[in-house]
Amino acid sequence: MSFNVVVLASGTGSLFEALIQSQQDYEVVALITDNPDAGAIAIADTFGIQVEICDLDSFSTRTDWNSALRALIAEYQPDLVVSAGFMKVIGEQVVNEFNEKLINIHPSLLPNFPGAHAVEDALNAGVTRTGTTVHFVDAGVDSGPIIAQREVEISQNDSIESLHERIKTVERELIVEVVKSFAREATQ
Ligand code: GRF
């Protein structure tokens, strides 16, 4: 029995790639992106993974966009939906449909530094450590129940880029670990 994973990503897609490369207990069946220029698309093409583009600009309302997103995800009958660098807030209708199957990874130790500038916000706050969090998605922003966290030290000469890169190294391991544990639990 395969455990089907749909990934939502808007950008580079290095976490998406890590998930593809570690497929064992699960299968990445599709990439859904809101960004027609996402680097993740080329990664999906390389690995022969189905791509769906759901661009907010192509819809007249956010509700329509959310309906389309919900329908696209549902087509793949996923066991788990992983938001890994998906830069749009997912609407309630999507959250309600997939609730316990919808998880997100965020580059801070939530509840600290939610939102789109988590790495920069941690640097500006002068904290000595930050990290990453995998959590269930709820109707808020980065506010759902926490599944797993990892810490990352901040060094004095870190830039946003250097710190984010170190966090992403940890995130690539953590997201694979979490998805594998979901898969194993479901197939036991
Ligand atoms: C990660 O830091 C993730 O936590 C955040 O977006 C970044 C995605 O990186 N939500 P990439 O596009 O997978 O390289």
# chains A, B, ... in the order shown; residues from 1 in each chain; ligands from 1

call {"tool": "residues_near_ligand", "arguments": {"ligand": "ligand 1", "cutoff": "6 Å", "atoms": "only C-alpha atoms and all ligand atoms", "output": "ChimeraX atom specification"}}
result
/A:11-16,84-85,105-107,168

call {"tool": "select_by_dssp", "arguments": {"residues": "chain A", "states": "strand (DSSP E)", "output": "PyMOL selection string"}}
result
chain A and resi 4-8+27-33+50-53+80-84+102-106+129-136+146-153

call {"tool": "atom_distance", "arguments": {"atom1": "atom CA of Val51 of chain A", "atom2": "atom CA of Ala30 of chain A"}}
result
5.8 Å

call {"tool": "atom_distance", "arguments": {"atom1": "atom CA of Phe59 of chain A", "atom2": "atom CA of Ala42 of chain A"}}
result
24.0 Å

call {"tool": "residues_around", "arguments": {"residues": "Gln93 of chain A", "least_positions_apart": "5", "cutoff": "10 Å", "atoms": "only C-alpha atoms", "output": "list in words"}}
result
Thr63, Asn66, Ser67, Leu69, Arg70, Phe98, Asn99 and Ala139 of chain A

call {"tool": "residues_around", "arguments": {"residues": "Val176 of chain A", "least_positions_apart": "4", "cutoff": "9 Å", "atoms": "only C-alpha atoms", "output": "VMD selection string"}}
result
chain A and resid 15 18 to 19 22 to 23 171 to 172 180 to 181

call {"tool": "closest_residue", "arguments": {"among": "A:Gly48, A:Gly115, A:Pro78, A:Gly91", "to": "Ala183 of chain A", "atoms": "only C-alpha atoms"}}
result
A:Pro78

call {"tool": "closest_residue", "arguments": {"among": "A:Thr128, A:Asn104, A:Gln50, A:Thr169", "to": "Tyr76 of chain A", "atoms": "only C-alpha atoms"}}
result
A:Gln50

call {"tool": "closest_residue", "arguments": {"among": "A:Ile154, A:Ile103, A:Ala68, A:Val134", "to": "Asp55 of chain A", "atoms": "only C-alpha atoms"}}
result
A:Ala68

call {"tool": "closest_residue", "arguments": {"among": "A:Glu27, A:Pro145, A:Glu52, A:Met87", "to": "Ser10 of chain A", "atoms": "only C-alpha atoms"}}
result
A:Met87

call {"tool": "select_by_dssp", "arguments": {"residues": "chain A", "states": "alpha helix (DSSP H)", "output": "number ranges by chain"}}
result
A: 14-21, 39-46, 62-75, 92-98, 118-125, 160-187

call {"tool": "residues_around", "arguments": {"residues": "Glu17 of chain A", "least_positions_apart": "6", "cutoff": "9 Å", "atoms": "only C-alpha atoms", "output": "list of chain:residue names"}}
result
A:Ala40, A:Ile43, A:Ala44, A:Arg172

call {"tool": "write_last_selection", "arguments": {"atoms": "all heavy atoms", "output": "mmCIF file, in the first residue's frame"}}
result
data_model
loop_
_atom_site.group_PDB
_atom_site.id
_atom_site.type_symbol
_atom_site.label_atom_id
_atom_site.label_comp_id
_atom_site.auth_asym_id
_atom_site.auth_seq_id
_atom_site.Cartn_x
_atom_site.Cartn_y
_atom_site.Cartn_z
ATOM 1 N N ALA A 40 10.738 24.869 -8.021
ATOM 2 C CA ALA A 40 10.267 23.519 -7.701
ATOM 3 C C ALA A 40 9.712 22.800 -8.938
ATOM 4 O O ALA A 40 9.749 21.567 -9.013
ATOM 5 C CB ALA A 40 9.194 23.594 -6.608
ATOM 6 N N ILE A 43 12.341 20.851 -10.677
ATOM 7 C CA ILE A 43 12.690 19.662 -9.878
ATOM 8 C C ILE A 43 11.659 18.562 -10.135
ATOM 9 O O ILE A 43 12.001 17.401 -10.376
ATOM 10 C CB ILE A 43 12.753 20.015 -8.368
ATOM 11 C CG1 ILE A 43 13.875 21.032 -8.113
ATOM 12 C CG2 ILE A 43 12.931 18.763 -7.513
ATOM 13 C CD1 ILE A 43 13.901 21.616 -6.706
ATOM 14 N N ALA A 44 10.381 18.946 -10.119
ATOM 15 C CA ALA A 44 9.313 17.959 -10.384
ATOM 16 C C ALA A 44 9.502 17.342 -11.765
ATOM 17 O O ALA A 44 9.395 16.120 -11.930
ATOM 18 C CB ALA A 44 7.950 18.641 -10.274
ATOM 19 N N ARG A 172 15.305 20.128 5.880
ATOM 20 C CA ARG A 172 15.251 19.029 4.897
ATOM 21 C C ARG A 172 15.244 17.680 5.615
ATOM 22 O O ARG A 172 14.550 16.760 5.218
ATOM 23 C CB ARG A 172 16.413 19.156 3.906
ATOM 24 C CG ARG A 172 16.250 20.347 2.971
ATOM 25 C CD ARG A 172 17.228 20.334 1.823
ATOM 26 N NE ARG A 172 18.481 20.973 2.148
ATOM 27 C CZ ARG A 172 18.747 22.279 1.975
ATOM 28 N NH1 ARG A 172 17.842 23.085 1.452
ATOM 29 N NH2 ARG A 172 19.917 22.777 2.299
#

call {"tool": "closest_residue", "arguments": {"among": "A:Ile146, A:Val152, A:Val89, A:Glu97", "to": "Ala71 of chain A", "atoms": "only C-alpha atoms"}}
result
A:Glu97

call {"tool": "closest_residue", "arguments": {"among": "A:Ser108, A:Gln21, A:Thr130, A:Thr187", "to": "Asp142 of chain A", "atoms": "only C-alpha atoms"}}
result
A:Ser108

call {"tool": "decode", "arguments": {"residues": "segment 71-82 of chain A", "atoms": "all heavy atoms", "output": "PDB file, in the first residue's frame"}}
result
ATOM      1  N   ALA A  71      -9.798  21.344  -4.930  1.00  0.00           N
ATOM      2  CA  ALA A  71     -10.122  20.318  -5.932  1.00  0.00           C
ATOM      3  C   ALA A  71      -8.857  19.667  -6.494  1.00  0.00           C
ATOM      4  O   ALA A  71      -8.809  18.444  -6.689  1.00  0.00           O
ATOM      5  CB  ALA A  71     -10.932  20.952  -7.058  1.00  0.00           C
ATOM      6  N   LEU A  72      -7.833  20.472  -6.715  1.00  0.00           N
ATOM      7  CA  LEU A  72      -6.573  19.927  -7.247  1.00  0.00           C
ATOM      8  C   LEU A  72      -5.944  18.947  -6.264  1.00  0.00           C
ATOM      9  O   LEU A  72      -5.494  17.867  -6.648  1.00  0.00           O
ATOM     10  CB  LEU A  72      -5.572  21.051  -7.534  1.00  0.00           C
ATOM     11  CG  LEU A  72      -5.747  21.822  -8.836  1.00  0.00           C
ATOM     12  CD1 LEU A  72      -4.783  23.006  -8.886  1.00  0.00           C
ATOM     13  CD2 LEU A  72      -5.525  20.902 -10.033  1.00  0.00           C
ATOM     14  N   ILE A  73      -5.912  19.349  -5.012  1.00  0.00           N
ATOM     15  CA  ILE A  73      -5.327  18.452  -3.997  1.00  0.00           C
ATOM     16  C   ILE A  73      -6.140  17.151  -3.946  1.00  0.00           C
ATOM     17  O   ILE A  73      -5.580  16.052  -3.957  1.00  0.00           O
ATOM     18  CB  ILE A  73      -5.289  19.121  -2.601  1.00  0.00           C
ATOM     19  CG1 ILE A  73      -4.427  20.390  -2.603  1.00  0.00           C
ATOM     20  CG2 ILE A  73      -4.767  18.136  -1.550  1.00  0.00           C
ATOM     21  CD1 ILE A  73      -4.510  21.214  -1.314  1.00  0.00           C
ATOM     22  N   ALA A  74      -7.457  17.296  -3.926  1.00  0.00           N
ATOM     23  CA  ALA A  74      -8.341  16.124  -3.771  1.00  0.00           C
ATOM     24  C   ALA A  74      -8.168  15.119  -4.904  1.00  0.00           C
ATOM     25  O   ALA A  74      -8.294  13.908  -4.695  1.00  0.00           O
ATOM     26  CB  ALA A  74      -9.795  16.582  -3.676  1.00  0.00           C
ATOM     27  N   GLU A  75      -7.855  15.617  -6.099  1.00  0.00           N
ATOM     28  CA  GLU A  75      -7.657  14.725  -7.255  1.00  0.00           C
ATOM     29  C   GLU A  75      -6.634  13.629  -6.976  1.00  0.00           C
ATOM     30  O   GLU A  75      -6.694  12.540  -7.531  1.00  0.00           O
ATOM     31  CB  GLU A  75      -7.122  15.529  -8.446  1.00  0.00           C
ATOM     32  CG  GLU A  75      -8.177  15.957  -9.422  1.00  0.00           C
ATOM     33  CD  GLU A  75      -7.580  16.803 -10.535  1.00  0.00           C
ATOM     34  OE1 GLU A  75      -6.477  16.467 -11.021  1.00  0.00           O
ATOM     35  OE2 GLU A  75      -8.226  17.805 -10.883  1.00  0.00           O
ATOM     36  N   TYR A  76      -5.655  13.953  -6.134  1.00  0.00           N
ATOM     37  CA  TYR A  76      -4.570  12.999  -5.879  1.00  0.00           C
ATOM     38  C   TYR A  76      -4.844  12.088  -4.684  1.00  0.00           C
ATOM     39  O   TYR A  76      -4.005  11.264  -4.327  1.00  0.00           O
ATOM     40  CB  TYR A  76      -3.247  13.764  -5.688  1.00  0.00           C
ATOM     41  CG  TYR A  76      -2.799  14.362  -6.995  1.00  0.00           C
ATOM     42  CD1 TYR A  76      -3.181  15.654  -7.340  1.00  0.00           C
ATOM     43  CD2 TYR A  76      -2.075  13.625  -7.913  1.00  0.00           C
ATOM     44  CE1 TYR A  76      -2.829  16.199  -8.565  1.00  0.00           C
ATOM     45  CE2 TYR A  76      -1.707  14.152  -9.135  1.00  0.00           C
ATOM     46  CZ  TYR A  76      -2.093  15.440  -9.449  1.00  0.00           C
ATOM     47  OH  TYR A  76      -1.749  15.967 -10.664  1.00  0.00           O
ATOM     48  N   GLN A  77      -5.990  12.262  -4.048  1.00  0.00           N
ATOM     49  CA  GLN A  77      -6.364  11.464  -2.885  1.00  0.00           C
ATOM     50  C   GLN A  77      -5.176  11.277  -1.930  1.00  0.00           C
ATOM     51  O   GLN A  77      -4.785  10.132  -1.615  1.00  0.00           O
ATOM     52  CB  GLN A  77      -6.896  10.115  -3.330  1.00  0.00           C
ATOM     53  CG  GLN A  77      -8.097  10.281  -4.243  1.00  0.00           C
ATOM     54  CD  GLN A  77      -8.812   8.980  -4.486  1.00  0.00           C
ATOM     55  OE1 GLN A  77      -8.196   7.968  -4.821  1.00  0.00           O
ATOM     56  NE2 GLN A  77     -10.103   8.982  -4.321  1.00  0.00           N
ATOM     57  N   PRO A  78      -4.593  12.394  -1.498  1.00  0.00           N
ATOM     58  CA  PRO A  78      -3.367  12.262  -0.697  1.00  0.00           C
ATOM     59  C   PRO A  78      -3.628  11.717   0.703  1.00  0.00           C
ATOM     60  O   PRO A  78      -4.678  11.946   1.291  1.00  0.00           O
ATOM     61  CB  PRO A  78      -2.869  13.709  -0.605  1.00  0.00           C
ATOM     62  CG  PRO A  78      -4.087  14.551  -0.738  1.00  0.00           C
ATOM     63  CD  PRO A  78      -5.005  13.798  -1.658  1.00  0.00           C
ATOM     64  N   ASP A  79      -2.635  10.999   1.205  1.00  0.00           N
ATOM     65  CA  ASP A  79      -2.647  10.607   2.606  1.00  0.00           C
ATOM     66  C   ASP A  79      -2.083  11.730   3.456  1.00  0.00           C
ATOM     67  O   ASP A  79      -2.356  11.822   4.652  1.00  0.00           O
ATOM     68  CB  ASP A  79      -1.799   9.336   2.791  1.00  0.00           C
ATOM     69  CG  ASP A  79      -2.398   8.180   2.025  1.00  0.00           C
ATOM     70  OD1 ASP A  79      -3.526   7.784   2.379  1.00  0.00           O
ATOM     71  OD2 ASP A  79      -1.782   7.724   1.041  1.00  0.00           O
ATOM     72  N   LEU A  80      -1.237  12.569   2.825  1.00  0.00           N
ATOM     73  CA  LEU A  80      -0.650  13.706   3.536  1.00  0.00           C
ATOM     74  C   LEU A  80      -0.380  14.827   2.532  1.00  0.00           C
ATOM     75  O   LEU A  80       0.066  14.564   1.408  1.00  0.00           O
ATOM     76  CB  LEU A  80       0.665  13.273   4.204  1.00  0.00           C
ATOM     77  CG  LEU A  80       1.288  14.247   5.199  1.00  0.00           C
ATOM     78  CD1 LEU A  80       0.393  14.412   6.438  1.00  0.00           C
ATOM     79  CD2 LEU A  80       2.668  13.758   5.655  1.00  0.00           C
ATOM     80  N   VAL A  81      -0.670  16.055   2.953  1.00  0.00           N
ATOM     81  CA  VAL A  81      -0.372  17.237   2.130  1.00  0.00           C
ATOM     82  C   VAL A  81       0.665  18.051   2.906  1.00  0.00           C
ATOM     83  O   VAL A  81       0.433  18.415   4.058  1.00  0.00           O
ATOM     84  CB  VAL A  81      -1.636  18.099   1.895  1.00  0.00           C
ATOM     85  CG1 VAL A  81      -1.314  19.273   0.980  1.00  0.00           C
ATOM     86  CG2 VAL A  81      -2.775  17.252   1.324  1.00  0.00           C
ATOM     87  N   VAL A  82       1.813  18.286   2.255  1.00  0.00           N
ATOM     88  CA  VAL A  82       2.907  18.977   2.933  1.00  0.00           C
ATOM     89  C   VAL A  82       3.116  20.340   2.308  1.00  0.00           C
ATOM     90  O   VAL A  82       3.487  20.453   1.137  1.00  0.00           O
ATOM     91  CB  VAL A  82       4.218  18.164   2.826  1.00  0.00           C
ATOM     92  CG1 VAL A  82       5.346  18.876   3.572  1.00  0.00           C
ATOM     93  CG2 VAL A  82       4.025  16.761   3.364  1.00  0.00           C
TER      94      VAL A  82
END
